[in-house]
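These notes are about the structure you will find just below.
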Amino acid sequence: KASPEKAAATIGFAVTVTGCGSDPITEGAAVLKHSIHLASIHGNIGGRYDYKMYAIYHPNGEACATPLKDLGYELVRRETPVAVSDIEGDFLRSKIEENGCCGEKELVKLEAYTLTQHPVVVHLDLDVLILKPLDALFDWMISSDQGNYDTADVPIMWPEREKPKKVNAFFTRDYNMVGPERKYKPVQGGFLVLRPDM
């Protein structure tokens, strides 16, 4: 499909590679990029935004991240942005190295905030597909009057609550990570739409 004359903006899409496992990641990266392409201004399902792909990788994942360059990802090498010893909360500091798949290297995802050449960055895991344009989210974040933005096309968990004056992120909660008795649920790092900021 021929692209319209001008995209609304170019959105950064980032994945994180924290290390190399036994399964190759190129297939997931290729399928994810293709789904983003279809949902963009270049695709056939009505997207109005262009995109640029990034693979933010920890040095432990360099061998796995390098092939993503051939798929059109810009490679961004980053160390873990916070030393475990510098984490102030005792619970997190004592548990983070043994947590999840990647321990403290999971914090490399925060480097998506450094992609300030884009008005919005979407951080995704490699096992995600984009099935329709995310334009309503991008429109709201980029709008000059975010407090009065018409959110009819945006799925909001509590639509009766007052809308924020400025939207800096959209995310989903990871309810499977903690028990139902926990008041605060963690953010699911595999889908984070954010406003880059240093």
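Residue numbering restarts at 1 for every chain of the structure tokens, chains are lettered A, B, ... in their displayed order, and ligands are numbered from 1 as they appear.
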Using only C-alpha atoms, which protein or nucleic acid residues come within 12 Å of segment 18-31 of chain A? Drop anything in the same chain fewer than 6 positions from it, and give the result as a ChimeraX atom specification. /A:37-38,53-73,76-80,100-109,124-131
Mind listing the helix (DSSP H, G or I) residues of segment 17-188 of chain A, per DSSP on the backbone, as a ChimeraX atom specification? /A:26-38,59-71,84-86,90-98,103-114,135-142,146-148,175-177
I'd like the neighbourhood of segment 191-195 of chain A as a list in words, where a residue qualifies if any of its atoms comes within 8 Å (using only C-alpha atoms), though same-chain residues fewer than 2 positions away should be ignored.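 Once the adjacent positions are removed, what remains is Tyr113, Pro119, Val120, Val121, Val122, His123, Leu124, Asp125, Met141, Asn168, Ala169, Phe170, Phe171, Thr172, Gln188, Gly189 and Asp197 of chain A.
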Export of the given selection (N, CA, C and O atoms) as a PDB file, in the first residue's frame:
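Okay, again_8.pdb is ready:
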ATOM      1  N   TYR A 113      13.162   5.432  27.907  1.00  0.00           N
ATOM      2  CA  TYR A 113      12.921   6.846  28.206  1.00  0.00           C
ATOM      3  C   TYR A 113      13.971   7.765  27.582  1.00  0.00           C
ATOM      4  O   TYR A 113      13.762   8.962  27.467  1.00  0.00           O
ATOM      5  N   PRO A 119       8.259  11.613  20.079  1.00  0.00           N
ATOM      6  CA  PRO A 119       7.304  12.144  21.056  1.00  0.00           C
ATOM      7  C   PRO A 119       6.743  11.055  21.952  1.00  0.00           C
ATOM      8  O   PRO A 119       6.354  11.316  23.091  1.00  0.00           O
ATOM      9  N   VAL A 120       6.709   9.818  21.439  1.00  0.00           N
ATOM     10  CA  VAL A 120       6.178   8.666  22.176  1.00  0.00           C
ATOM     11  C   VAL A 120       7.037   7.453  21.819  1.00  0.00           C
ATOM     12  O   VAL A 120       7.448   7.303  20.670  1.00  0.00           O
ATOM     13  N   VAL A 121       7.289   6.614  22.819  1.00  0.00           N
ATOM     14  CA  VAL A 121       7.982   5.342  22.595  1.00  0.00           C
ATOM     15  C   VAL A 121       7.112   4.237  23.172  1.00  0.00           C
ATOM     16  O   VAL A 121       6.531   4.383  24.255  1.00  0.00           O
ATOM     17  N   VAL A 122       7.020   3.139  22.447  1.00  0.00           N
ATOM     18  CA  VAL A 122       6.291   1.968  22.910  1.00  0.00           C
ATOM     19  C   VAL A 122       7.317   0.880  23.193  1.00  0.00           C
ATOM     20  O   VAL A 122       8.075   0.493  22.300  1.00  0.00           O
ATOM     21  N   HIS A 123       7.365   0.419  24.438  1.00  0.00           N
ATOM     22  CA  HIS A 123       8.263  -0.691  24.774  1.00  0.00           C
ATOM     23  C   HIS A 123       7.434  -1.973  24.801  1.00  0.00           C
ATOM     24  O   HIS A 123       6.408  -2.049  25.482  1.00  0.00           O
ATOM     25  N   LEU A 124       7.883  -2.971  24.051  1.00  0.00           N
ATOM     26  CA  LEU A 124       7.161  -4.241  23.948  1.00  0.00           C
ATOM     27  C   LEU A 124       8.093  -5.414  24.178  1.00  0.00           C
ATOM     28  O   LEU A 124       9.287  -5.335  23.891  1.00  0.00           O
ATOM     29  N   ASP A 125       7.545  -6.502  24.668  1.00  0.00           N
ATOM     30  CA  ASP A 125       8.269  -7.764  24.699  1.00  0.00           C
ATOM     31  C   ASP A 125       8.220  -8.392  23.316  1.00  0.00           C
ATOM     32  O   ASP A 125       7.351  -8.055  22.491  1.00  0.00           O
ATOM     33  N   MET A 141      -1.514  11.417  23.861  1.00  0.00           N
ATOM     34  CA  MET A 141      -0.248  11.844  24.460  1.00  0.00           C
ATOM     35  C   MET A 141       0.354  13.056  23.753  1.00  0.00           C
ATOM     36  O   MET A 141       1.025  13.874  24.382  1.00  0.00           O
ATOM     37  N   ASN A 168       1.705  10.866  30.548  1.00  0.00           N
ATOM     38  CA  ASN A 168       3.111  10.530  30.348  1.00  0.00           C
ATOM     39  C   ASN A 168       3.323   9.051  30.053  1.00  0.00           C
ATOM     40  O   ASN A 168       4.409   8.671  29.625  1.00  0.00           O
ATOM     41  N   ALA A 169       2.312   8.227  30.312  1.00  0.00           N
ATOM     42  CA  ALA A 169       2.466   6.793  30.042  1.00  0.00           C
ATOM     43  C   ALA A 169       1.104   6.107  30.036  1.00  0.00           C
ATOM     44  O   ALA A 169       0.165   6.542  30.708  1.00  0.00           O
ATOM     45  N   PHE A 170       1.035   5.048  29.246  1.00  0.00           N
ATOM     46  CA  PHE A 170      -0.051   4.071  29.299  1.00  0.00           C
ATOM     47  C   PHE A 170       0.606   2.738  29.600  1.00  0.00           C
ATOM     48  O   PHE A 170       1.690   2.441  29.076  1.00  0.00           O
ATOM     49  N   PHE A 171      -0.045   1.948  30.433  1.00  0.00           N
ATOM     50  CA  PHE A 171       0.531   0.654  30.788  1.00  0.00           C
ATOM     51  C   PHE A 171      -0.578  -0.287  31.204  1.00  0.00           C
ATOM     52  O   PHE A 171      -1.724   0.113  31.375  1.00  0.00           O
ATOM     53  N   THR A 172      -0.211  -1.534  31.342  1.00  0.00           N
ATOM     54  CA  THR A 172      -1.137  -2.521  31.887  1.00  0.00           C
ATOM     55  C   THR A 172      -0.554  -3.038  33.192  1.00  0.00           C
ATOM     56  O   THR A 172       0.663  -3.028  33.400  1.00  0.00           O
ATOM     57  N   GLN A 188       3.145  -4.255  33.981  1.00  0.00           N
ATOM     58  CA  GLN A 188       3.614  -5.282  33.051  1.00  0.00           C
ATOM     59  C   GLN A 188       4.584  -4.607  32.084  1.00  0.00           C
ATOM     60  O   GLN A 188       4.186  -3.773  31.284  1.00  0.00           O
ATOM     61  N   GLY A 189       5.864  -4.946  32.172  1.00  0.00           N
ATOM     62  CA  GLY A 189       6.888  -4.288  31.362  1.00  0.00           C
ATOM     63  C   GLY A 189       6.868  -4.667  29.893  1.00  0.00           C
ATOM     64  O   GLY A 189       7.589  -4.080  29.090  1.00  0.00           O
ATOM     65  N   ASP A 197      11.866  11.078  28.292  1.00  0.00           N
ATOM     66  CA  ASP A 197      12.265  12.228  29.081  1.00  0.00           C
ATOM     67  C   ASP A 197      13.555  11.882  29.806  1.00  0.00           C
ATOM     68  O   ASP A 197      13.668  10.815  30.398  1.00  0.00           O
TER      69      ASP A 197
END
Out of A:Phe138, A:Tyr149, A:Phe13, A:Phe91, which residue has the shortest atom-to-atom distance to Tyr49 of chain A when counting only C-alpha atoms?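 Among the listed residues, A:Phe138 lies closest to Tyr49 of chain A.
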d(atom CA of Trp140 of chain A, atom CA of Val154 of chain A) in Å: 8.7 Å
For Asn99 of chain A, which of A:Val187, A:Glu111, A:Ile156, A:Met177 is the closest residue, counting only C-alpha atoms?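 Nearest candidate to Asn99 of chain A out of A:Val187, A:Glu111, A:Ile156, A:Met177: A:Met177.
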Can you tell me, as a ChimeraX atom specification, which residues in segment 7-192 of chain A count as strand (DSSP E or B) by DSSP? /A:10-17,50-57,73-77,121-124,169-173,187-192
Could you jot down the atom CA of Ala9 of chain A to atom CA of Gly43 of chain A separation for me, Å, one decimal place?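 According to the coordinates, atom CA of Ala9 of chain A and atom CA of Gly43 of chain A are separated by 15.1 Å.
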